[in-house]
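Asks: Okay, so here is input_21.pdb, and as you'll see once you scroll down, it has PDB, C-alpha atoms, pLDDT in the B column.
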ATOM      1  CA  MET D   1       0.486  -1.297  -8.113  1.00 70.00           C
ATOM      2  CA  ASN D   2       3.370  -3.738  -7.739  1.00 90.00           C
ATOM      3  CA  LEU D   3       5.875  -2.510  -5.150  1.00 95.00           C
ATOM      4  CA  GLN D   4       8.826  -3.965  -7.059  1.00 94.00           C
ATOM      5  CA  LYS D   5       7.925  -1.657  -9.964  1.00 95.00           C
ATOM      6  CA  VAL D   6       7.573   1.343  -7.663  1.00 96.00           C
ATOM      7  CA  PHE D   7      10.885   0.584  -5.927  1.00 97.00           C
ATOM      8  CA  PRO D   8      13.382  -0.948  -8.391  1.00 96.00           C
ATOM      9  CA  PRO D   9      16.691  -2.149  -6.892  1.00 96.00           C
ATOM     10  CA  GLU D  10      18.472   1.073  -7.877  1.00 97.00           C
ATOM     11  CA  SER D  11      15.936   3.060  -5.798  1.00 97.00           C
ATOM     12  CA  ILE D  12      17.057   1.378  -2.578  1.00 97.00           C
ATOM     13  CA  ILE D  13      19.641   3.260  -0.501  1.00 96.00           C
ATOM     14  CA  LEU D  14      21.168   0.961   2.104  1.00 94.00           C
ATOM     15  CA  ASN D  15      23.170   3.539   4.033  1.00 94.00           C
ATOM     16  CA  LEU D  16      21.495   6.925   4.200  1.00 96.00           C
ATOM     17  CA  GLU D  17      23.878   9.675   5.260  1.00 96.00           C
ATOM     18  CA  SER D  18      21.224  12.189   6.335  1.00 95.00           C
ATOM     19  CA  THR D  19      20.533  12.913   9.984  1.00 94.00           C
ATOM     20  CA  GLU D  20      17.621  15.386   9.593  1.00 95.00           C
ATOM     21  CA  LYS D  21      14.331  15.272   7.689  1.00 95.00           C
ATOM     22  CA  GLU D  22      14.945  17.972   5.069  1.00 94.00           C
ATOM     23  CA  GLU D  23      18.429  16.626   4.392  1.00 96.00           C
ATOM     24  CA  LEU D  24      16.870  13.174   4.007  1.00 97.00           C
ATOM     25  CA  PHE D  25      14.352  14.463   1.468  1.00 97.00           C
ATOM     26  CA  GLU D  26      17.203  15.918  -0.606  1.00 97.00           C
ATOM     27  CA  GLU D  27      19.193  12.685  -0.473  1.00 97.00           C
ATOM     28  CA  MET D  28      16.252  10.536  -1.505  1.00 98.00           C
ATOM     29  CA  LEU D  29      15.034  12.984  -4.164  1.00 98.00           C
ATOM     30  CA  GLN D  30      18.538  12.885  -5.647  1.00 97.00           C
ATOM     31  CA  ASN D  31      18.048   9.152  -6.148  1.00 97.00           C
ATOM     32  CA  ILE D  32      14.609   9.561  -7.726  1.00 97.00           C
ATOM     33  CA  CYS D  33      15.576  12.481  -9.977  1.00 97.00           C
ATOM     34  CA  SER D  34      18.756  10.779 -11.190  1.00 97.00           C
ATOM     35  CA  ARG D  35      16.655   7.801 -12.306  1.00 96.00           C
ATOM     36  CA  LEU D  36      13.755   9.893 -13.627  1.00 95.00           C
ATOM     37  CA  PRO D  37      15.041  13.235 -14.977  1.00 95.00           C
ATOM     38  CA  SER D  38      11.508  14.368 -15.876  1.00 94.00           C
ATOM     39  CA  VAL D  39      10.643  14.647 -12.160  1.00 96.00           C
ATOM     40  CA  ASN D  40      10.715  18.284 -11.052  1.00 96.00           C
ATOM     41  CA  ARG D  41      12.816  18.191  -7.897  1.00 96.00           C
ATOM     42  CA  ASP D  42      11.537  21.500  -6.497  1.00 96.00           C
ATOM     43  CA  GLU D  43       7.923  20.503  -7.082  1.00 97.00           C
ATOM     44  CA  ALA D  44       8.557  17.144  -5.393  1.00 97.00           C
ATOM     45  CA  ARG D  45      10.286  18.746  -2.374  1.00 97.00           C
ATOM     46  CA  LYS D  46       7.417  21.230  -1.949  1.00 97.00           C
ATOM     47  CA  ALA D  47       4.811  18.443  -2.149  1.00 97.00           C
ATOM     48  CA  LEU D  48       6.657  16.362   0.460  1.00 97.00           C
ATOM     49  CA  LEU D  49       7.098  19.298   2.827  1.00 96.00           C
ATOM     50  CA  ALA D  50       3.456  20.365   2.394  1.00 96.00           C
ATOM     51  CA  ARG D  51       2.341  16.867   3.368  1.00 95.00           C
ATOM     52  CA  GLU D  52       4.673  16.860   6.375  1.00 95.00           C
ATOM     53  CA  ALA D  53       3.275  20.242   7.476  1.00 95.00           C
ATOM     54  CA  LYS D  54      -0.145  18.587   7.872  1.00 95.00           C
ATOM     55  CA  MET D  55       1.138  15.722  10.006  1.00 93.00           C
ATOM     56  CA  SER D  56       4.380  13.807  10.321  1.00 93.00           C
ATOM     57  CA  THR D  57       4.647  10.736   8.130  1.00 94.00           C
ATOM     58  CA  GLY D  58       6.854   9.132  10.773  1.00 94.00           C
ATOM     59  CA  ILE D  59       3.904   7.004  11.767  1.00 86.00           C
ATOM     60  CA  LEU D  60       5.327   3.667  12.915  1.00 90.00           C
ATOM     61  CA  PRO D  61       8.215   3.004  15.304  1.00 90.00           C
ATOM     62  CA  GLY D  62      11.383   3.701  13.322  1.00 92.00           C
ATOM     63  CA  VAL D  63       9.512   4.045  10.008  1.00 94.00           C
ATOM     64  CA  ALA D  64       8.492   7.026   7.871  1.00 96.00           C
ATOM     65  CA  VAL D  65       6.526   7.110   4.635  1.00 97.00           C
ATOM     66  CA  PRO D  66       6.905  10.614   3.186  1.00 97.00           C
ATOM     67  CA  HIS D  67       4.711  11.030   0.144  1.00 97.00           C
ATOM     68  CA  GLY D  68       3.300  13.603  -2.221  1.00 96.00           C
ATOM     69  CA  SER D  69       1.635  14.062  -5.574  1.00 96.00           C
ATOM     70  CA  ILE D  70       3.082  16.106  -8.424  1.00 96.00           C
ATOM     71  CA  ASP D  71       2.426  16.613 -12.126  1.00 94.00           C
ATOM     72  CA  THR D  72       5.880  15.606 -13.408  1.00 94.00           C
ATOM     73  CA  VAL D  73       5.620  11.984 -12.254  1.00 94.00           C
ATOM     74  CA  LYS D  74       3.972   9.728 -14.825  1.00 92.00           C
ATOM     75  CA  THR D  75       3.314   6.798 -12.531  1.00 93.00           C
ATOM     76  CA  VAL D  76       3.848   6.125  -8.835  1.00 96.00           C
ATOM     77  CA  THR D  77       7.544   5.915  -8.033  1.00 96.00           C
ATOM     78  CA  GLY D  78       9.732   6.123  -4.997  1.00 97.00           C
ATOM     79  CA  ALA D  79      12.858   5.297  -3.080  1.00 98.00           C
ATOM     80  CA  ILE D  80      13.588   3.273   0.029  1.00 97.00           C
ATOM     81  CA  GLY D  81      16.274   4.328   2.461  1.00 97.00           C
ATOM     82  CA  ILE D  82      17.822   2.729   5.515  1.00 96.00           C
ATOM     83  CA  SER D  83      19.637   4.773   8.136  1.00 95.00           C
ATOM     84  CA  ARG D  84      21.830   2.854  10.544  1.00 91.00           C
ATOM     85  CA  LYS D  85      22.322   6.004  12.696  1.00 93.00           C
ATOM     86  CA  GLY D  86      18.723   7.196  12.703  1.00 95.00           C
ATOM     87  CA  ILE D  87      17.150  10.397  11.414  1.00 96.00           C
ATOM     88  CA  ASP D  88      15.621  13.186  13.480  1.00 94.00           C
ATOM     89  CA  TYR D  89      12.240  13.127  11.763  1.00 94.00           C
ATOM     90  CA  ASP D  90       9.702  14.601  14.216  1.00 91.00           C
ATOM     91  CA  ALA D  91       8.068  11.182  14.231  1.00 91.00           C
ATOM     92  CA  MET D  92       4.887  10.658  16.223  1.00 89.00           C
ATOM     93  CA  ASP D  93       6.714   8.584  18.829  1.00 91.00           C
ATOM     94  CA  GLY D  94       9.509  11.165  19.096  1.00 92.00           C
ATOM     95  CA  LYS D  95      12.159   8.601  18.217  1.00 94.00           C
ATOM     96  CA  PRO D  96      14.568   8.519  15.261  1.00 96.00           C
ATOM     97  CA  VAL D  97      13.509   6.971  11.968  1.00 96.00           C
ATOM     98  CA  HIS D  98      15.615   4.205  10.429  1.00 95.00           C
ATOM     99  CA  TYR D  99      13.473   3.045   7.477  1.00 96.00           C
ATOM    100  CA  VAL D 100      12.055   5.450   4.904  1.00 97.00           C
ATOM    101  CA  PHE D 101       9.688   4.656   2.058  1.00 97.00           C
ATOM    102  CA  MET D 102       9.426   7.839  -0.061  1.00 98.00           C
ATOM    103  CA  LEU D 103       6.605   7.884  -2.567  1.00 97.00           C
ATOM    104  CA  LEU D 104       5.683  10.278  -5.373  1.00 97.00           C
ATOM    105  CA  GLY D 105       2.476   9.912  -7.343  1.00 95.00           C
ATOM    106  CA  ASN D 106       0.869  11.781 -10.208  1.00 95.00           C
ATOM    107  CA  SER D 107      -1.512  14.541  -9.130  1.00 92.00           C
ATOM    108  CA  SER D 108      -4.249  13.231 -11.416  1.00 92.00           C
ATOM    109  CA  ASP D 109      -4.030   9.597 -10.249  1.00 92.00           C
ATOM    110  CA  ASN D 110      -4.793   9.555  -6.534  1.00 89.00           C
ATOM    111  CA  ALA D 111      -6.154   6.006  -6.737  1.00 92.00           C
ATOM    112  CA  SER D 112      -2.753   4.509  -7.642  1.00 93.00           C
ATOM    113  CA  HIS D 113      -1.012   6.647  -5.031  1.00 92.00           C
ATOM    114  CA  LEU D 114      -3.397   5.518  -2.291  1.00 93.00           C
ATOM    115  CA  GLU D 115      -3.255   1.868  -3.363  1.00 94.00           C
ATOM    116  CA  THR D 116       0.536   1.968  -3.180  1.00 94.00           C
ATOM    117  CA  LEU D 117       0.397   3.524   0.294  1.00 94.00           C
ATOM    118  CA  ARG D 118      -2.009   0.774   1.333  1.00 93.00           C
ATOM    119  CA  ARG D 119       0.350  -1.934   0.082  1.00 93.00           C
ATOM    120  CA  ILE D 120       3.303  -0.358   1.888  1.00 94.00           C
ATOM    121  CA  ALA D 121       1.257  -0.168   5.098  1.00 92.00           C
ATOM    122  CA  ILE D 122       0.386  -3.875   4.861  1.00 91.00           C
ATOM    123  CA  LEU D 123       4.091  -4.717   4.748  1.00 91.00           C
ATOM    124  CA  LEU D 124       5.101  -2.286   7.480  1.00 91.00           C
ATOM    125  CA  ILE D 125       2.582  -3.437  10.068  1.00 88.00           C
ATOM    126  CA  ASN D 126       4.239  -6.847   9.932  1.00 86.00           C
ATOM    127  CA  PRO D 127       7.045  -6.730  12.561  1.00 84.00           C
ATOM    128  CA  ALA D 128       8.881  -9.562  10.771  1.00 86.00           C
ATOM    129  CA  PHE D 129       9.152  -7.439   7.604  1.00 88.00           C
ATOM    130  CA  VAL D 130      10.622  -4.473   9.476  1.00 86.00           C
ATOM    131  CA  SER D 131      13.004  -6.773  11.344  1.00 86.00           C
ATOM    132  CA  LYS D 132      14.227  -8.224   8.046  1.00 89.00           C
ATOM    133  CA  LEU D 133      14.909  -4.686   6.760  1.00 89.00           C
ATOM    134  CA  ALA D 134      17.479  -4.302   9.519  1.00 86.00           C
ATOM    135  CA  ASP D 135      19.219  -7.481   8.402  1.00 89.00           C
ATOM    136  CA  ALA D 136      19.234  -6.696   4.669  1.00 91.00           C
ATOM    137  CA  SER D 137      22.747  -6.561   3.250  1.00 91.00           C
ATOM    138  CA  SER D 138      21.897  -5.528  -0.315  1.00 94.00           C
ATOM    139  CA  SER D 139      19.286  -3.657  -2.297  1.00 94.00           C
ATOM    140  CA  GLY D 140      18.486  -6.994  -3.918  1.00 94.00           C
ATOM    141  CA  ASP D 141      17.564  -8.426  -0.514  1.00 93.00           C
ATOM    142  CA  ILE D 142      15.048  -5.644   0.051  1.00 94.00           C
ATOM    143  CA  TRP D 143      13.723  -5.883  -3.498  1.00 94.00           C
ATOM    144  CA  ASP D 144      13.166  -9.619  -2.985  1.00 93.00           C
ATOM    145  CA  MET D 145      11.364  -8.873   0.288  1.00 92.00           C
ATOM    146  CA  LEU D 146       9.016  -6.555  -1.609  1.00 93.00           C
ATOM    147  CA  GLY D 147       8.295  -9.372  -4.052  1.00 89.00           C
ATOM    148  CA  ASP D 148       7.666 -11.812  -1.229  1.00 85.00           C
ATOM    149  CA  GLY D 149       5.283  -9.293   0.312  1.00 79.00           C
ATOM    150  CA  GLU D 150       3.456  -8.908  -2.993  1.00 68.00           C
ATOM    151  CA  ASN D 151       3.060 -12.677  -3.217  1.00 62.00           C
ATOM    152  CA  TYR D 152       1.623 -12.700   0.302  1.00 56.00           C
ATOM    153  CA  MET D 153      -0.869  -9.937  -0.583  1.00 60.00           C
ATOM    154  CA  GLU D 154      -1.967 -11.735  -3.742  1.00 53.00           C
ATOM    155  CA  SER D 155      -2.701 -15.035  -1.987  1.00 43.00           C
TER
END
Could you render the structure from this file as structure tokens?

Replies:
Amino acid sequence: MNLQKVFPPESIILNLESTEKEELFEEMLQNICSRLPSVNRDEARKALLAREAKMSTGILPGVAVPHGSIDTVKTVTGAIGISRKGIDYDAMDGKPVHYVFMLLGNSSDNASHLETLRRIAILLINPAFVSKLADASSSGDIWDMLGDGENYMES
């Protein structure tokens, strides 16, 4: 699953306004649902919150990857958000989250969902990638970074 297809430029929010997790989910779901009207917003919110109830997806310093599976998504899709202020996320390290990769997959296609999570994880464990996120000045910059990351994974 190519990350540039999962996260098109219009799915990238450079200046998140949210300061709390549930508010963040609403802001990012607004982006996804405006691009993909077939996505059931309530179903998506419930799936994300159910996943968070199991364990926080704020798993890396400053980074969260909220994700869930629902029936109204045809293929894996998502949104990327950057918060300059930080979001109170109940992250594992107790610190605010600044970079969010929200992912929604189809309930009947766990393989694609997991493969996309794997690809995101490969990018996020690279400190240089996360550092570049902080310096990105446009959604195009981040989209290009995803493409560069894909090229790295393919080689």

Asks: Pick the closest to Ile12 (chain D) from D:Thr72, D:Ser108, D:Thr77, D:Thr116: which is it, counting all atoms listed in the file?

Replies: D:Thr77

Asks: For the file shown, what are the residues hit by the PyMOL selection byres ((chain D and resi 40) around 12), laid out as a PyMOL selection string?

Replies: chain D and resi 29-30+32-34+36-39+41-47+69-74+104+106

Asks: Which residues would end up in the selection if the PyMOL selection byres ((chain D and resi 129) around 12) were applied here, given that I need the answer as an NGL selection string?

Replies: :D and (63 or 99 or 120-128 or 130-136 or 141-142 or 144-149 or 152)

Asks: Rounded to one decimal place, report the CA of Thr19 (chain D)-CA of Val97 (chain D) distance in Å.

Replies: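 CA of Val97 (chain D) lies at a distance of 9.4 Å from CA of Thr19 (chain D).
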
Asks: How far is it from CA of Tyr89 (chain D) to CA of Glu52 (chain D), in Å with one decimal?

Replies: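 Between these atoms lies a distance of 10.0 Å.
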